[in-house]
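Have a look at the structure below, then the notes.
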Amino acid sequence: MTDFFRSSACFGLFLSLGSFQLARFINRRFGREVCNPLLFATIFCGAVLLLTGTDYQVYYDSGADILEFLLTPATICLAIPLYRQFALMKQNAGAVLAGCAAGVAAHMLGCILMLVIFRMEGPEYITLLPKSITTAIGKGLSEELGGYPAITMATIMVTGLFGAVAAPAFLKLFRVTDPLAQGLAIGTSSHAAGTSRAVELGDIQGAASSLAIVVTGLLTVAAAPLCAMLAG
């Protein structure tokens, strides 16, 4: 079976797209937050690879690499709702910066606590530092600081999926009703995957979340090297 998939130039691409469409159907059928298309598509792809005994590299080389290539321009497209709400974002620039800075500080503090409590090795600790920023930045940052980029990508994916699924429930639990605050919270904690959910909540949420991706990424790039020094 693996040899058959290896000979296909589009197996990974068609599996990914087919899984996502199936996940969208389930989401529309049941209408539940937990039925997030991105989450279910990931599960479907993993299940097919596991059941067929197909290596990830075979999946990646047979078309899935095209999707990774498109990841960066897709993230850039999230600037569209930001452009539409640019005046509002500019008017609340202080709140945006403060919210993103608070989110990055909380994330870094959480990583430091895990370093101390679980007595993590330096590379393991560094691997977690970029988990709340977009893959386009996090992978390179992890590699540069001496972490494990592959694991960083996995933690970024899990963080984003969790945010996309759980964000509305947490916003309701903590009674966060302001659209700007909702978008900043989602974008700061769960990058592009969460932003795709924020866009569904509203234009302001989508714009704030898109801006938070950029600001959080820049702040993390500045803060991560300083926090990485604690591993030495």
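Identifiers in this document derive from the order of the structure tokens: chains are assigned A, B, ..., residues are numbered from 1 separately in each chain, and ligands are numbered from 1 in order of occurrence.
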What are the closest atom pairs, with distances in Å to one decimal, for each residue of stretch 139-207 of chain A lying within 9 Å of stretch 123-129 of chain A, using only C-alpha atoms, rows by chain and rising residue number, as a tab-separated table?
```
residue	atom	partner	partner_atom	distance
A:Leu141	CA	A:Leu129	CA	8.9
A:Ser142	CA	A:Thr127	CA	5.7
A:Glu143	CA	A:Thr127	CA	8.4
A:Leu145	CA	A:Ile126	CA	6.9
A:Gly146	CA	A:Pro123	CA	5.9
A:Gly147	CA	A:Thr127	CA	4.4
A:Tyr148	CA	A:Thr127	CA	5.5
A:Pro149	CA	A:Thr127	CA	6.9
A:Ala150	CA	A:Thr127	CA	9.0
A:Ile151	CA	A:Thr127	CA	6.9
A:Thr152	CA	A:Thr127	CA	5.3
A:Thr155	CA	A:Leu128	CA	7.2
A:Ile156	CA	A:Leu128	CA	8.7
```
Mind checking which residues fall within 9 Å of stretch 10-18 of chain A, counting only C-alpha atoms, ignoring those fewer than 3 positions away in the same chain, and posting them as a PyMOL selection string?
chain A and resi 5-7+21-23+41-42+44-45+48+58-67
Which residue, A:Leu82, A:Ala87, A:Ile76, A:Ala47, has the smallest gap to A:Thr134 when you use only C-alpha atoms?
A:Ile76
Rank nothing, just name the residue among A:Ile43, A:Ile186, A:Ala207, A:Ile80 nearest to A:Ala169, using only C-alpha atoms.
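Closest to A:Ala169 of all the choices is A:Ile186.
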Those in stretch 51-103 of chain A with helix (DSSP H, G or I) from DSSP, as an MDAnalysis selection string
chainID A and resid 51:52 56:69 71:76 79:84 86:91 93:103
Please produce a file of those selected residues containing C-alpha atoms, as a compact mmCIF listing (two decimals), in the first residue's frame.
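out_17.txt was written with the following content:
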```
# COMPACT_ATOMS: atom_id res chain seq x y z
CA LEU A 51 -4.27 2.23 9.03
CA THR A 52 -2.41 2.00 5.73
CA TYR A 56 4.55 10.73 7.04
CA GLN A 57 7.36 11.51 4.59
CA VAL A 58 5.49 9.63 1.85
CA TYR A 59 2.37 11.66 2.60
CA TYR A 60 4.37 14.90 2.64
CA ASP A 61 6.23 14.23 -0.61
CA SER A 62 3.06 13.25 -2.47
CA GLY A 63 1.39 16.65 -2.50
CA ALA A 64 1.12 17.71 1.13
CA ASP A 65 4.23 19.86 0.68
CA ILE A 66 2.15 22.05 -1.65
CA LEU A 67 -0.18 22.87 1.23
CA GLU A 68 2.77 23.79 3.44
CA PHE A 69 4.05 26.09 0.70
CA LEU A 71 0.58 28.22 4.40
CA THR A 72 2.44 31.55 4.43
CA PRO A 73 0.34 33.27 1.70
CA ALA A 74 -2.80 31.92 3.37
CA THR A 75 -1.71 33.53 6.64
CA ILE A 76 -1.04 36.79 4.82
CA ALA A 79 -4.75 40.74 6.65
CA ILE A 80 -7.91 41.37 4.60
CA PRO A 81 -10.23 41.74 7.62
CA LEU A 82 -7.48 43.79 9.27
CA TYR A 83 -7.49 46.19 6.32
CA ARG A 84 -11.25 46.57 6.55
CA PHE A 86 -7.76 49.40 10.11
CA ALA A 87 -9.22 52.63 11.52
CA LEU A 88 -10.59 50.82 14.58
CA MET A 89 -7.31 48.98 15.16
CA LYS A 90 -5.36 52.24 14.90
CA GLN A 91 -7.72 53.93 17.34
CA ALA A 93 -3.38 50.65 19.24
CA GLY A 94 -2.51 50.88 22.94
CA ALA A 95 -5.02 48.22 23.90
CA VAL A 96 -3.81 45.95 21.10
CA LEU A 97 -0.17 46.23 22.19
CA ALA A 98 -1.00 45.78 25.88
CA GLY A 99 -3.20 42.76 25.20
CA CYS A 100 -0.62 41.02 23.03
CA ALA A 101 2.19 41.80 25.48
CA ALA A 102 0.15 40.33 28.33
CA GLY A 103 -0.53 37.21 26.29
```
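Between atom CA of A:Ser132 and atom CA of A:Ser190 the separation is 5.6 Å.
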Can you pull out the residues contacting stretch 193-202 of chain A? Cut-off 8 Å, using only C-alpha atoms, and skip same-chain residues under 2 positions away; I want them as a PyMOL selection string.
chain A and resi 78+81+157+160-161+163-164+167+179+182-183+186-187+189-191+204-207+209-210
One decimal, Å: what's the distance from atom CA of A:Ala185 over to atom CA of A:Leu211, could you say?
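Pair atom CA of A:Ala185 / atom CA of A:Leu211 returns 11.1 Å.
Remark: for A:Leu218, the closest of the candidate residues A:Val158, A:Leu113, A:Ala106, A:Ile137 is A:Ile137 (distances computed over only C-alpha atoms).
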In terms of the shortest atom-to-atom distance over only C-alpha atoms, which of A:Thr159, A:Pro37, A:Leu230, A:Leu184 is closest to A:Val215?
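Going through A:Thr159, A:Pro37, A:Leu230, A:Leu184 one by one, the smallest distance to A:Val215 is for A:Leu184.
Of the listed residues (A:Leu70, A:Ala223, A:Met229, A:Ala136), A:Ala223 comes nearest to A:Met108; the distances count only C-alpha atoms.
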